[in-house]
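Colleague: Please find data.cif (mmCIF, C-alpha atoms) on the next line:
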data_work
loop_
_atom_site.label_atom_id
_atom_site.label_comp_id
_atom_site.auth_asym_id
_atom_site.auth_seq_id
_atom_site.Cartn_x
_atom_site.Cartn_y
_atom_site.Cartn_z
CA MET A 20 -12.26 122.11 157.88
CA ALA A 21 -14.65 122.78 155.03
CA SER A 22 -13.81 121.28 151.67
CA ALA A 23 -12.80 123.44 148.69
CA SER A 24 -16.21 123.01 147.06
CA GLU A 25 -17.99 124.09 150.25
CA GLN A 26 -15.79 127.18 150.54
CA LEU A 27 -16.51 128.08 146.93
CA ALA A 28 -20.22 127.61 147.48
CA GLN A 29 -20.10 129.95 150.47
CA ASN A 30 -18.31 132.64 148.46
CA MET A 31 -20.74 132.61 145.53
CA ASN A 32 -22.43 135.87 144.62
CA LEU A 33 -24.39 137.46 141.83
CA GLY A 34 -21.17 138.43 140.07
CA VAL A 35 -20.25 134.77 139.61
CA PHE A 36 -23.73 134.01 138.26
CA ALA A 37 -23.52 136.94 135.83
CA LYS A 38 -20.35 135.46 134.31
CA ALA A 39 -21.76 131.91 134.06
CA LYS A 40 -23.27 132.26 130.58
CA GLU A 41 -23.83 128.53 130.11
CA LEU A 42 -25.78 128.31 133.37
CA GLN A 43 -27.92 131.29 132.33
CA GLN A 44 -28.74 129.58 129.04
CA ARG A 45 -29.66 126.38 130.85
CA LEU A 46 -31.95 128.25 133.24
CA LEU A 47 -33.63 130.16 130.39
CA PHE A 48 -34.17 126.92 128.47
CA THR A 49 -35.69 125.27 131.55
CA LEU A 50 -37.99 128.25 132.08
CA PHE A 51 -39.03 128.17 128.42
CA ILE A 52 -39.99 124.49 128.63
CA LEU A 53 -41.97 125.05 131.83
CA ILE A 54 -43.86 127.94 130.22
CA ILE A 55 -44.83 125.68 127.31
CA TYR A 56 -46.01 123.09 129.82
CA ARG A 57 -48.18 125.63 131.65
CA ILE A 58 -49.73 126.80 128.38
CA GLY A 59 -50.58 123.20 127.50
CA THR A 60 -52.47 122.77 130.79
CA PHE A 61 -55.03 125.31 129.51
CA VAL A 62 -55.65 123.67 126.08
CA PRO A 63 -58.78 121.45 126.46
CA VAL A 64 -59.40 118.06 124.89
CA PRO A 65 -61.61 118.31 121.76
CA GLY A 66 -65.31 117.52 122.04
CA MET A 67 -65.81 118.75 125.61
CA ASP A 68 -68.52 120.98 127.04
CA MET A 69 -66.23 122.69 129.54
CA ALA A 70 -68.98 124.45 131.49
CA ALA A 71 -70.81 121.17 132.19
CA PHE A 72 -67.57 119.32 132.94
CA GLN A 73 -66.25 121.91 135.41
CA GLN A 74 -69.59 121.99 137.18
CA ALA A 75 -69.51 118.20 137.52
CA PHE A 76 -65.84 118.29 138.56
CA SER A 77 -66.36 120.92 141.27
CA SER A 78 -69.31 118.99 142.70
CA GLY A 79 -67.57 115.64 142.52
CA GLY A 80 -65.79 116.01 145.86
CA GLY A 81 -62.86 113.76 145.00
CA GLY A 82 -62.31 110.56 143.06
CA LEU A 83 -59.96 109.55 140.29
CA LEU A 84 -59.96 112.84 138.35
CA THR A 85 -59.48 114.98 141.47
CA ARG A 86 -56.56 112.81 142.59
CA LEU A 87 -54.85 113.13 139.21
CA ASN A 88 -55.47 116.87 139.21
CA MET A 89 -53.14 117.32 142.18
CA PHE A 90 -50.12 116.36 140.08
CA ALA A 91 -51.20 117.80 136.73
CA GLY A 92 -51.15 121.47 137.67
CA GLY A 93 -54.93 121.80 137.31
CA ALA A 94 -54.89 120.23 133.82
CA VAL A 95 -57.48 117.61 134.82
CA GLU A 96 -59.79 120.27 136.20
CA ARG A 97 -59.64 121.91 132.75
CA MET A 98 -59.43 118.50 130.98
CA ALA A 99 -56.39 119.73 129.08
CA ILE A 100 -54.15 117.82 126.71
CA PHE A 101 -51.60 117.38 129.55
CA ALA A 102 -54.18 115.91 131.94
CA LEU A 103 -52.23 112.67 132.39
CA ASN A 104 -49.03 114.62 133.06
CA VAL A 105 -45.90 112.40 133.25
CA MET A 106 -47.33 109.90 135.71
CA PRO A 107 -47.49 107.05 133.11
CA TYR A 108 -43.82 107.67 132.27
CA ILE A 109 -42.83 107.60 135.94
CA SER A 110 -44.73 104.36 136.48
CA ALA A 111 -43.12 102.84 133.38
CA SER A 112 -39.65 103.94 134.50
CA ILE A 113 -40.10 102.39 137.93
CA ILE A 114 -41.46 99.15 136.47
CA MET A 115 -38.48 98.90 134.10
CA THR A 116 -36.07 99.63 136.97
CA LEU A 117 -37.57 96.81 138.99
CA MET A 118 -37.55 94.47 135.98
CA LYS A 119 -33.85 95.12 135.38
CA GLY A 120 -33.11 93.36 138.65
CA SER A 121 -35.18 90.27 137.88
CA ILE A 122 -34.98 89.67 134.10
CA GLY A 123 -31.68 88.38 132.78
CA SER A 124 -31.88 89.94 129.32
CA LEU A 125 -32.53 93.39 130.78
CA LYS A 126 -29.62 92.89 133.19
CA GLU A 127 -27.32 92.22 130.24
CA LEU A 128 -28.62 95.30 128.39
CA ASP A 129 -27.98 97.43 131.47
CA LYS A 130 -24.37 96.23 131.53
CA ASP A 131 -23.81 96.99 127.83
CA GLY A 132 -23.21 100.67 128.52
CA GLU A 133 -24.78 103.54 126.63
CA GLN A 134 -26.21 101.40 123.82
CA GLY A 135 -27.95 99.08 126.28
CA ARG A 136 -29.40 101.98 128.26
CA LYS A 137 -30.80 103.47 125.06
CA GLN A 138 -32.58 100.20 124.32
CA ILE A 139 -34.01 100.08 127.86
CA ASN A 140 -35.20 103.69 127.47
CA GLN A 141 -36.96 102.68 124.27
CA TYR A 142 -38.75 99.85 126.10
CA THR A 143 -39.72 102.38 128.78
CA ARG A 144 -41.32 104.60 126.13
CA TYR A 145 -43.32 101.67 124.74
CA LEU A 146 -44.57 100.84 128.23
CA THR A 147 -45.41 104.52 128.78
CA VAL A 148 -47.63 104.50 125.68
CA PHE A 149 -49.46 101.41 126.93
CA LEU A 150 -50.04 102.77 130.45
CA ALA A 151 -51.05 106.20 129.14
CA ALA A 152 -53.51 104.65 126.67
CA PHE A 153 -55.05 102.54 129.42
CA GLN A 154 -55.52 105.53 131.74
CA ALA A 155 -56.72 107.77 128.90
CA TYR A 156 -59.37 105.23 127.93
CA GLY A 157 -60.55 105.08 131.53
CA ILE A 158 -60.81 108.87 131.62
CA ALA A 159 -62.70 108.92 128.29
CA ARG A 160 -65.25 106.45 129.64
CA ALA A 161 -65.56 108.47 132.85
CA LEU A 162 -66.17 111.66 130.86
CA GLN A 163 -68.90 110.01 128.82
CA SER A 164 -70.64 108.92 132.00
CA THR A 165 -70.66 112.54 133.23
CA PRO A 166 -73.96 114.16 132.15
CA GLY A 167 -73.43 116.90 129.57
CA ALA A 168 -69.62 116.83 129.70
CA VAL A 169 -69.19 115.37 126.19
CA ILE A 170 -70.83 117.01 123.19
CA ASN A 171 -70.94 113.90 120.97
CA PRO A 172 -70.27 110.71 123.00
CA GLY A 173 -69.18 107.65 121.13
CA LEU A 174 -66.26 105.74 119.69
CA PHE A 175 -64.84 108.78 117.87
CA PHE A 176 -64.68 110.79 121.10
CA GLU A 177 -63.00 107.90 122.92
CA ALA A 178 -60.40 107.49 120.16
CA SER A 179 -59.65 111.22 119.88
CA THR A 180 -59.36 111.56 123.67
CA VAL A 181 -56.98 108.62 123.95
CA ILE A 182 -54.80 109.92 121.10
CA THR A 183 -54.77 113.46 122.54
CA LEU A 184 -53.92 112.46 126.12
CA VAL A 185 -51.29 109.90 125.08
CA GLY A 186 -49.73 112.46 122.71
CA GLY A 187 -49.66 115.01 125.53
CA THR A 188 -47.90 112.58 127.86
CA MET A 189 -45.30 111.65 125.25
CA PHE A 190 -44.67 115.33 124.47
CA LEU A 191 -44.16 116.04 128.18
CA MET A 192 -41.81 113.07 128.42
CA TRP A 193 -39.76 114.47 125.53
CA MET A 194 -39.68 117.94 127.11
CA GLY A 195 -38.53 116.43 130.39
CA GLU A 196 -35.66 114.65 128.65
CA GLN A 197 -34.66 117.91 126.95
CA VAL A 198 -34.58 119.74 130.30
CA THR A 199 -32.43 117.00 131.82
CA ALA A 200 -29.96 117.18 128.91
CA ARG A 201 -29.94 120.92 128.15
CA GLY A 202 -31.43 122.56 131.25
CA VAL A 203 -31.02 122.44 135.02
CA GLY A 204 -32.39 119.66 137.21
CA ASN A 205 -34.32 116.51 136.47
CA GLY A 206 -36.82 117.40 133.75
CA VAL A 207 -39.62 115.01 134.71
CA SER A 208 -39.44 116.00 138.39
CA LEU A 209 -39.44 119.69 137.47
CA ILE A 210 -42.60 119.27 135.39
CA ILE A 211 -44.43 117.72 138.34
CA PHE A 212 -42.95 120.38 140.61
CA ALA A 213 -44.12 123.18 138.31
CA GLY A 214 -47.65 121.78 138.19
CA ILE A 215 -47.96 121.58 141.97
CA VAL A 216 -46.39 124.99 142.63
CA ALA A 217 -48.58 126.67 139.99
CA GLU A 218 -51.69 125.61 141.91
CA LEU A 219 -50.44 126.72 145.34
CA PRO A 220 -51.42 130.45 145.00
CA LYS A 221 -54.94 129.41 144.02
CA ALA A 222 -55.16 127.06 147.01
CA ILE A 223 -53.88 129.73 149.41
CA PHE A 224 -56.33 132.30 148.06
CA GLN A 225 -59.22 129.84 148.33
CA ALA A 226 -58.28 128.94 151.90
CA PHE A 227 -58.42 132.57 153.05
CA SER A 228 -61.59 133.21 151.02
CA LEU A 229 -63.33 130.27 152.68
CA ASN A 230 -62.16 131.60 156.03
CA GLN A 231 -63.78 134.97 155.32
CA GLN A 232 -66.97 133.22 154.23
CA GLY A 233 -67.03 131.17 157.43
CA SER A 234 -66.61 127.80 155.72
CA VAL A 235 -63.13 127.32 157.24
CA SER A 236 -62.65 128.40 160.84
CA GLU A 237 -59.64 130.41 162.05
CA LEU A 238 -58.53 127.48 164.18
CA LEU A 239 -58.55 125.09 161.21
CA LEU A 240 -56.72 127.62 159.03
CA ILE A 241 -54.01 128.12 161.66
CA PHE A 242 -53.71 124.36 162.06
CA LEU A 243 -53.26 123.90 158.30
CA ILE A 244 -50.56 126.60 158.19
CA VAL A 245 -48.70 125.09 161.17
CA LEU A 246 -48.93 121.62 159.63
CA PHE A 247 -47.67 122.94 156.28
CA VAL A 248 -44.68 124.70 157.86
CA GLY A 249 -43.91 121.83 160.23
CA LEU A 250 -43.94 119.17 157.53
CA SER A 251 -41.81 121.38 155.26
CA MET A 252 -39.19 121.80 157.98
CA LEU A 253 -39.21 118.07 158.70
CA ILE A 254 -38.76 117.22 155.02
CA VAL A 255 -35.88 119.69 154.60
CA TYR A 256 -34.14 118.31 157.71
CA VAL A 257 -34.49 114.64 156.77
CA GLU A 258 -33.72 115.09 153.05
CA ARG A 259 -30.41 116.74 153.97
CA ALA A 260 -29.58 114.13 156.61
CA GLN A 261 -26.72 111.78 155.77
CA ARG A 262 -24.76 108.96 157.31
CA ARG A 263 -21.12 109.50 156.35
CA LEU A 264 -18.87 106.45 156.22
CA LEU A 265 -15.12 107.05 156.41
CA VAL A 266 -13.20 105.67 153.42
CA GLN A 267 -9.41 105.45 153.58
CA TYR A 268 -6.81 104.82 150.90
CA PRO A 269 -3.43 103.26 151.78
CA LYS A 270 -0.11 105.03 151.24
CA ARG A 271 2.00 103.79 148.33
CA GLN A 272 5.68 104.31 147.74
CA MET A 273 7.03 105.16 144.30
CA ALA A 274 10.51 104.89 142.89
CA GLY A 275 12.75 107.48 144.51
CA GLY A 276 11.18 107.12 147.93
CA LYS A 277 8.22 109.38 147.26
CA THR A 278 4.87 108.32 148.67
CA PHE A 279 1.38 109.11 147.56
CA GLY A 280 -2.06 108.17 148.74
CA GLY A 281 -2.99 107.88 152.37
CA GLU A 282 -5.99 110.09 151.78
CA SER A 283 -9.42 109.74 153.34
CA SER A 284 -12.88 110.74 152.22
CA PHE A 285 -16.49 110.21 153.20
CA MET A 286 -19.16 108.10 151.53
CA PRO A 287 -22.51 109.88 152.10
CA LEU A 288 -25.58 107.68 152.52
CA LYS A 289 -28.87 109.58 152.49
CA LEU A 290 -31.46 108.79 155.11
CA ASN A 291 -34.13 108.76 152.40
CA THR A 292 -32.23 107.06 149.60
CA ALA A 293 -35.35 106.20 147.59
CA GLY A 294 -36.50 109.84 147.37
CA VAL A 295 -40.05 110.52 146.15
CA ILE A 296 -40.31 107.36 144.04
CA PRO A 297 -42.05 105.08 146.62
CA PRO A 298 -45.04 107.38 147.33
CA ILE A 299 -45.44 108.18 143.63
CA PHE A 300 -45.46 104.50 142.69
CA ALA A 301 -47.76 103.63 145.62
CA SER A 302 -50.17 106.35 144.56
CA SER A 303 -50.07 105.15 140.94
CA LEU A 304 -50.88 101.59 141.98
CA LEU A 305 -53.80 102.75 144.13
CA LEU A 306 -55.17 104.67 141.15
CA LEU A 307 -55.37 101.50 139.04
CA PRO A 308 -58.35 99.98 140.94
CA ALA A 309 -60.21 103.26 140.46
CA THR A 310 -59.47 103.12 136.72
CA PHE A 311 -60.66 99.50 136.48
CA GLY A 312 -63.66 100.39 138.60
CA GLN A 313 -64.63 103.26 136.33
CA LEU A 314 -64.64 100.90 133.36
CA ALA A 315 -66.73 98.33 135.24
CA LEU A 316 -69.21 100.89 136.54
CA ASN A 317 -70.24 101.74 132.98
CA GLY A 318 -71.95 98.38 132.86
CA GLU A 319 -74.94 97.09 134.77
CA GLY A 320 -75.83 94.16 136.98
CA ALA A 321 -74.11 92.37 139.84
CA GLY A 322 -70.61 93.19 138.55
CA ALA A 323 -71.18 96.92 138.69
CA SER A 324 -72.79 96.65 142.12
CA ALA A 325 -69.88 94.60 143.49
CA MET A 326 -67.39 97.08 142.03
CA THR A 327 -69.24 99.96 143.70
CA THR A 328 -68.92 98.19 147.06
CA ILE A 329 -65.21 97.47 146.54
CA LEU A 330 -64.46 101.07 145.53
CA ALA A 331 -66.30 102.32 148.61
CA TYR A 332 -63.95 100.30 150.83
CA ILE A 333 -60.72 101.22 149.04
CA GLY A 334 -61.77 104.71 147.98
CA TYR A 335 -59.58 107.74 148.55
CA GLY A 336 -59.42 108.60 152.26
CA SER A 337 -60.90 105.33 153.53
CA PRO A 338 -59.07 103.45 156.35
CA ILE A 339 -58.16 100.61 153.98
CA TYR A 340 -56.83 103.09 151.42
CA LEU A 341 -54.66 104.86 154.03
CA SER A 342 -53.36 101.54 155.38
CA LEU A 343 -52.51 100.25 151.90
CA TYR A 344 -50.89 103.58 151.04
CA GLY A 345 -48.56 103.43 154.06
CA ILE A 346 -47.73 99.75 153.57
CA LEU A 347 -46.97 100.23 149.87
CA ILE A 348 -44.72 103.21 150.60
CA ILE A 349 -42.67 101.20 153.12
CA PHE A 350 -42.56 98.20 150.76
CA PHE A 351 -41.33 100.24 147.78
CA CYS A 352 -38.74 102.04 149.93
CA TYR A 353 -37.15 98.68 150.73
CA PHE A 354 -37.69 97.35 147.22
CA TYR A 355 -36.33 100.38 145.35
CA VAL A 356 -33.30 101.31 147.48
CA PRO A 357 -31.14 98.35 146.30
CA TYR A 358 -31.57 99.56 142.72
CA VAL A 359 -30.47 103.08 143.65
CA PHE A 360 -27.51 102.04 145.82
CA LYS A 361 -25.92 98.67 145.04
CA PRO A 362 -23.65 97.58 147.94
CA ASP A 363 -21.89 94.86 145.90
CA ASP A 364 -20.93 97.27 143.11
CA VAL A 365 -19.83 99.96 145.57
CA ALA A 366 -17.70 97.49 147.52
CA ASP A 367 -16.15 96.20 144.30
CA ASN A 368 -15.30 99.72 143.11
CA LEU A 369 -13.72 100.53 146.47
CA ARG A 370 -11.59 97.39 146.29
CA LYS A 371 -10.43 98.15 142.74
CA ASN A 372 -9.43 101.70 143.73
CA GLY A 373 -7.65 100.56 146.88
CA GLY A 374 -10.18 102.09 149.26
CA PHE A 375 -11.48 100.43 152.41
CA LEU A 376 -13.69 101.12 155.41
CA PRO A 377 -11.67 101.15 158.66
CA GLY A 378 -12.06 97.84 160.49
CA ILE A 379 -13.95 96.20 157.58
CA ARG A 380 -12.29 93.72 155.25
CA PRO A 381 -12.58 94.76 151.55
CA GLY A 382 -14.83 92.80 149.26
CA GLU A 383 -17.73 90.73 150.52
CA ARG A 384 -17.48 91.93 154.15
CA THR A 385 -17.66 95.55 152.98
CA ALA A 386 -20.76 94.80 150.89
CA GLN A 387 -22.39 93.11 153.87
CA TYR A 388 -21.60 96.07 156.12
CA LEU A 389 -22.98 98.54 153.56
CA SER A 390 -26.17 96.46 153.25
CA TYR A 391 -26.51 96.43 157.05
CA VAL A 392 -26.12 100.22 157.34
CA LEU A 393 -28.41 100.82 154.36
CA SER A 394 -31.16 98.59 155.79
CA ARG A 395 -31.14 100.52 159.06
CA LEU A 396 -31.26 103.86 157.24
CA THR A 397 -34.03 102.59 154.98
CA PHE A 398 -36.12 101.58 158.00
CA ILE A 399 -36.01 105.13 159.37
CA GLY A 400 -36.43 106.66 155.90
CA ALA A 401 -39.42 104.46 155.05
CA LEU A 402 -41.20 105.35 158.29
CA TYR A 403 -40.49 109.02 157.66
CA VAL A 404 -41.86 108.97 154.09
CA ALA A 405 -44.94 106.99 155.17
CA PHE A 406 -45.57 109.42 158.04
CA VAL A 407 -45.18 112.52 155.87
CA CYS A 408 -47.48 111.16 153.15
CA VAL A 409 -50.15 109.39 155.21
CA LEU A 410 -50.63 111.92 158.05
CA PRO A 411 -52.01 114.73 155.85
CA GLU A 412 -54.23 112.27 154.00
CA TYR A 413 -55.61 111.04 157.33
CA ILE A 414 -56.29 114.59 158.52
CA ILE A 415 -58.04 115.44 155.25
CA ALA A 416 -60.18 112.30 155.51
CA GLN A 417 -61.12 113.04 159.12
CA ALA A 418 -62.03 116.62 158.26
CA GLY A 419 -64.49 115.38 155.66
CA GLY A 420 -65.77 118.19 153.49
CA ALA A 421 -64.34 120.90 155.77
CA ILE A 422 -61.15 121.00 153.68
CA PRO A 423 -61.77 121.47 149.92
CA PRO A 424 -59.57 119.42 147.55
CA SER A 425 -57.56 122.45 146.34
CA VAL A 426 -56.83 123.52 149.92
CA ALA A 427 -56.00 119.94 150.89
CA MET A 428 -53.19 120.03 148.34
CA LEU A 429 -51.44 122.57 150.57
CA ILE A 430 -50.75 119.91 153.19
CA GLY A 431 -50.62 116.93 150.82
CA GLY A 432 -47.60 114.97 152.04
CA MET A 433 -46.44 113.78 148.63
CA SER A 434 -46.89 117.26 147.15
CA LEU A 435 -44.70 118.79 149.88
CA LEU A 436 -42.15 115.99 149.52
CA ILE A 437 -41.88 116.62 145.77
CA ILE A 438 -41.64 120.41 146.18
CA VAL A 439 -38.90 120.30 148.81
CA SER A 440 -36.90 117.46 147.23
CA VAL A 441 -36.92 118.94 143.73
CA THR A 442 -36.01 122.38 145.09
CA LEU A 443 -33.04 120.99 147.01
CA ASP A 444 -31.83 118.94 144.02
CA THR A 445 -32.17 121.86 141.59
CA VAL A 446 -30.34 124.27 143.91
CA ALA A 447 -27.57 121.68 144.35
CA GLN A 448 -27.20 121.39 140.56
CA ILE A 449 -27.07 125.17 140.15
CA GLN A 450 -24.37 125.36 142.82
CA SER A 451 -22.38 122.60 141.10
CA HIS A 452 -22.51 124.54 137.81
CA LEU A 453 -21.31 127.68 139.58
CA ILE A 454 -18.52 125.77 141.30
CA ALA A 455 -17.42 124.29 137.97
CA HIS A 456 -17.46 127.78 136.43
CA GLN A 457 -15.31 129.16 139.26
CA TYR A 458 -12.83 126.31 138.90
CA GLU A 459 -12.56 126.98 135.17
CA GLY A 460 -11.96 130.66 135.88
CA LEU A 461 -9.20 129.86 138.40
CA ILE A 462 -7.53 127.48 135.95
CA LYS A 463 -7.58 130.12 133.19
CA LYS A 464 -6.08 132.73 135.52
CA SER A 465 -3.30 130.38 136.62
CA ARG A 466 -2.45 129.57 132.99
CA MET A 467 -2.31 133.28 132.10
CA ARG A 468 0.04 133.94 135.02
CA ARG A 469 2.33 131.13 133.91
CA ARG A 470 2.43 132.52 130.37
CA LYS A 471 3.35 136.00 131.66
CA LYS A 472 6.17 134.53 133.72
#
Here is a file; write its structure as structure tokens.

Modeller:
Amino acid sequence: MASASEQLAQNMNLGVFAKAKELQQRLLFTLFILIIYRIGTFVPVPGMDMAAFQQAFSSGGGGLLTRLNMFAGGAVERMAIFALNVMPYISASIIMTLMKGSIGSLKELDKDGEQGRKQINQYTRYLTVFLAAFQAYGIARALQSTPGAVINPGLFFEASTVITLVGGTMFLMWMGEQVTARGVGNGVSLIIFAGIVAELPKAIFQAFSLNQQGSVSELLLIFLIVLFVGLSMLIVYVERAQRRLLVQYPKRQMAGGKTFGGESSFMPLKLNTAGVIPPIFASSLLLLPATFGQLALNGEGAGASAMTTILAYIGYGSPIYLSLYGILIIFFCYFYVPYVFKPDDVADNLRKNGGFLPGIRPGERTAQYLSYVLSRLTFIGALYVAFVCVLPEYIIAQAGGAIPPSVAMLIGGMSLLIIVSVTLDTVAQIQSHLIAHQYEGLIKKSRMRRRKK
């Protein structure tokens, strides 16, 4: 039998949504923030010759700036104030999450409740500023090395660019936190989602235009569409897949002979517990050598020549790059899952509440069993995420220049993974708000009936 929440979700209609005023306000607030974000992606960094920069960008054929542009909603292509997007904040958040498991002082802060989490969030912001400043400086140096892109190259341009890009990232981070608190969905994920989705119509239009011009054959276009649909279906299927563990609670007898308890429920374990974090972090790490390389290439001599050779081997689309990308995704899936789902804490909470897994002794044996199940799920989930992210990158690399960067974003594995995952999570949150609203309405009706009686 379906649960009460599932039955309510099935019976939802527009009438329920029309009465949910709080949900409407949350959706409008989220839309307002996303509109501000899209406007910011069209405001350029001061001191740029946009015509020269866009010409150099379109003829670049890839590289650091093109890679960042995929997740910035075209802001890098326009060298806007939001060109860095929220990627430094995501990297900082993941680094702090990993450090919480290895540094004792951060462990204690994490256990201190709300006050400790606020302090950790403050450290995350400091780290975000550092990472954003580092990447912004690399971009400023890259812009100055682009002929004609900067009107007045020099220290002032570098400083103003760093301040502008870091300020844009921090403003986006603040907007994401506001959406999480006062809107619907995870704010940071929605900002990345909005940037990718906003560029999809342009990519689709360009794909069909290139087909009419003869640059992209009908066979390649059909293949891209089939790959896009197939990967989307696979992601939806796997992201909704769960392993449900039966949890039982013993019956207890109260004074008077009445009994309570004896209930059972399910503990859902997602097949992809780590979500989109491993490919995002793997991509961020692979961008760091390109940033270092851009700084080194501004010099001359043997160092610059050696850096050119290294970047050629680990450049975007190379076999080494694809291999490292897949390995890092699998590694971070295994490394990040224990911080998302902690078997020891879950087993301890079950024991305190009187719950147990049938046939498994509560306590340490339950934690061991949960770790065993989670490791097997993580193995399948890690292979799935690596396959979804690496396969499109491999196809793009093999196609060479036949697939333009904007069209390649259509089948970009990480882009699809983010779009589908964020959509599913946001829809689930909207449904939970509607369910809560319906429950409140039923409670009010029952109270009114009691008063009339």

Colleague: Find the distance between atom CA of A:Ser284 and atom CA of A:Thr445 and write it in Å to one decimal.

Modeller: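 Going from atom CA of A:Ser284 over to atom CA of A:Thr445 covers 24.7 Å.
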
Colleague: One decimal, Å: what's the distance from atom CA of A:Val266 over to atom CA of A:Ala401, could you say?

Modeller: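 According to the coordinates, atom CA of A:Val266 and atom CA of A:Ala401 are separated by 26.3 Å.
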
Colleague: Run the PyMOL selection byres ((chain A and resi 204) around 12) against the file shown and list the residues it catches, as a PyMOL selection string.

Modeller: chain A and resi 42+45-46+48-50+195-203+205-210+212+440-452

Colleague: Next, the residues of the selection above should be written as a PDB file, keeping the file's coordinate frame with C-alpha atoms.

Modeller:
ATOM      1  CA  LEU A  42     -25.780 128.310 133.370  1.00  0.00           C
ATOM      2  CA  ARG A  45     -29.660 126.380 130.850  1.00  0.00           C
ATOM      3  CA  LEU A  46     -31.950 128.250 133.240  1.00  0.00           C
ATOM      4  CA  PHE A  48     -34.170 126.920 128.470  1.00  0.00           C
ATOM      5  CA  THR A  49     -35.690 125.270 131.550  1.00  0.00           C
ATOM      6  CA  LEU A  50     -37.990 128.250 132.080  1.00  0.00           C
ATOM      7  CA  GLY A 195     -38.530 116.430 130.390  1.00  0.00           C
ATOM      8  CA  GLU A 196     -35.660 114.650 128.650  1.00  0.00           C
ATOM      9  CA  GLN A 197     -34.660 117.910 126.950  1.00  0.00           C
ATOM     10  CA  VAL A 198     -34.580 119.740 130.300  1.00  0.00           C
ATOM     11  CA  THR A 199     -32.430 117.000 131.820  1.00  0.00           C
ATOM     12  CA  ALA A 200     -29.960 117.180 128.910  1.00  0.00           C
ATOM     13  CA  ARG A 201     -29.940 120.920 128.150  1.00  0.00           C
ATOM     14  CA  GLY A 202     -31.430 122.560 131.250  1.00  0.00           C
ATOM     15  CA  VAL A 203     -31.020 122.440 135.020  1.00  0.00           C
ATOM     16  CA  ASN A 205     -34.320 116.510 136.470  1.00  0.00           C
ATOM     17  CA  GLY A 206     -36.820 117.400 133.750  1.00  0.00           C
ATOM     18  CA  VAL A 207     -39.620 115.010 134.710  1.00  0.00           C
ATOM     19  CA  SER A 208     -39.440 116.000 138.390  1.00  0.00           C
ATOM     20  CA  LEU A 209     -39.440 119.690 137.470  1.00  0.00           C
ATOM     21  CA  ILE A 210     -42.600 119.270 135.390  1.00  0.00           C
ATOM     22  CA  PHE A 212     -42.950 120.380 140.610  1.00  0.00           C
ATOM     23  CA  SER A 440     -36.900 117.460 147.230  1.00  0.00           C
ATOM     24  CA  VAL A 441     -36.920 118.940 143.730  1.00  0.00           C
ATOM     25  CA  THR A 442     -36.010 122.380 145.090  1.00  0.00           C
ATOM     26  CA  LEU A 443     -33.040 120.990 147.010  1.00  0.00           C
ATOM     27  CA  ASP A 444     -31.830 118.940 144.020  1.00  0.00           C
ATOM     28  CA  THR A 445     -32.170 121.860 141.590  1.00  0.00           C
ATOM     29  CA  VAL A 446     -30.340 124.270 143.910  1.00  0.00           C
ATOM     30  CA  ALA A 447     -27.570 121.680 144.350  1.00  0.00           C
ATOM     31  CA  GLN A 448     -27.200 121.390 140.560  1.00  0.00           C
ATOM     32  CA  ILE A 449     -27.070 125.170 140.150  1.00  0.00           C
ATOM     33  CA  GLN A 450     -24.370 125.360 142.820  1.00  0.00           C
ATOM     34  CA  SER A 451     -22.380 122.600 141.100  1.00  0.00           C
ATOM     35  CA  HIS A 452     -22.510 124.540 137.810  1.00  0.00           C
TER      36      HIS A 452
END

Colleague: Using the chain letters and numbers from the file, give me the residues hit by the PyMOL selection byres ((chain A and resi 110) around 12), as a ChimeraX atom specification.

Modeller: /A:103-109,111-117,143-144,146-151,154,207,296-307

Colleague: Of the candidates A:Leu376, A:Leu264, A:Met433, A:Ala159, which shows the shortest atom-to-atom distance to A:Gly345, using all atoms listed in the file?

Modeller: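 Among the listed residues, the smallest separation from A:Gly345 belongs to A:Met433.
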
Colleague: Set the distance at 7 Å and use all atoms listed in the file: which residues neighbour A:Phe90 once local chain neighbours fewer than 4 positions away are removed? I'd like the list as a PyMOL selection string.

Modeller: chain A and resi 211+214-215

Colleague: For each of A:Gly135, A:Gly400, A:Gly59, A:Gly66, take the minimum atom-to-atom distance to A:Ser179, counting only C-alpha atoms, then give the residue where this is smallest.

Modeller: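 The closest residue to A:Ser179 is A:Gly66.
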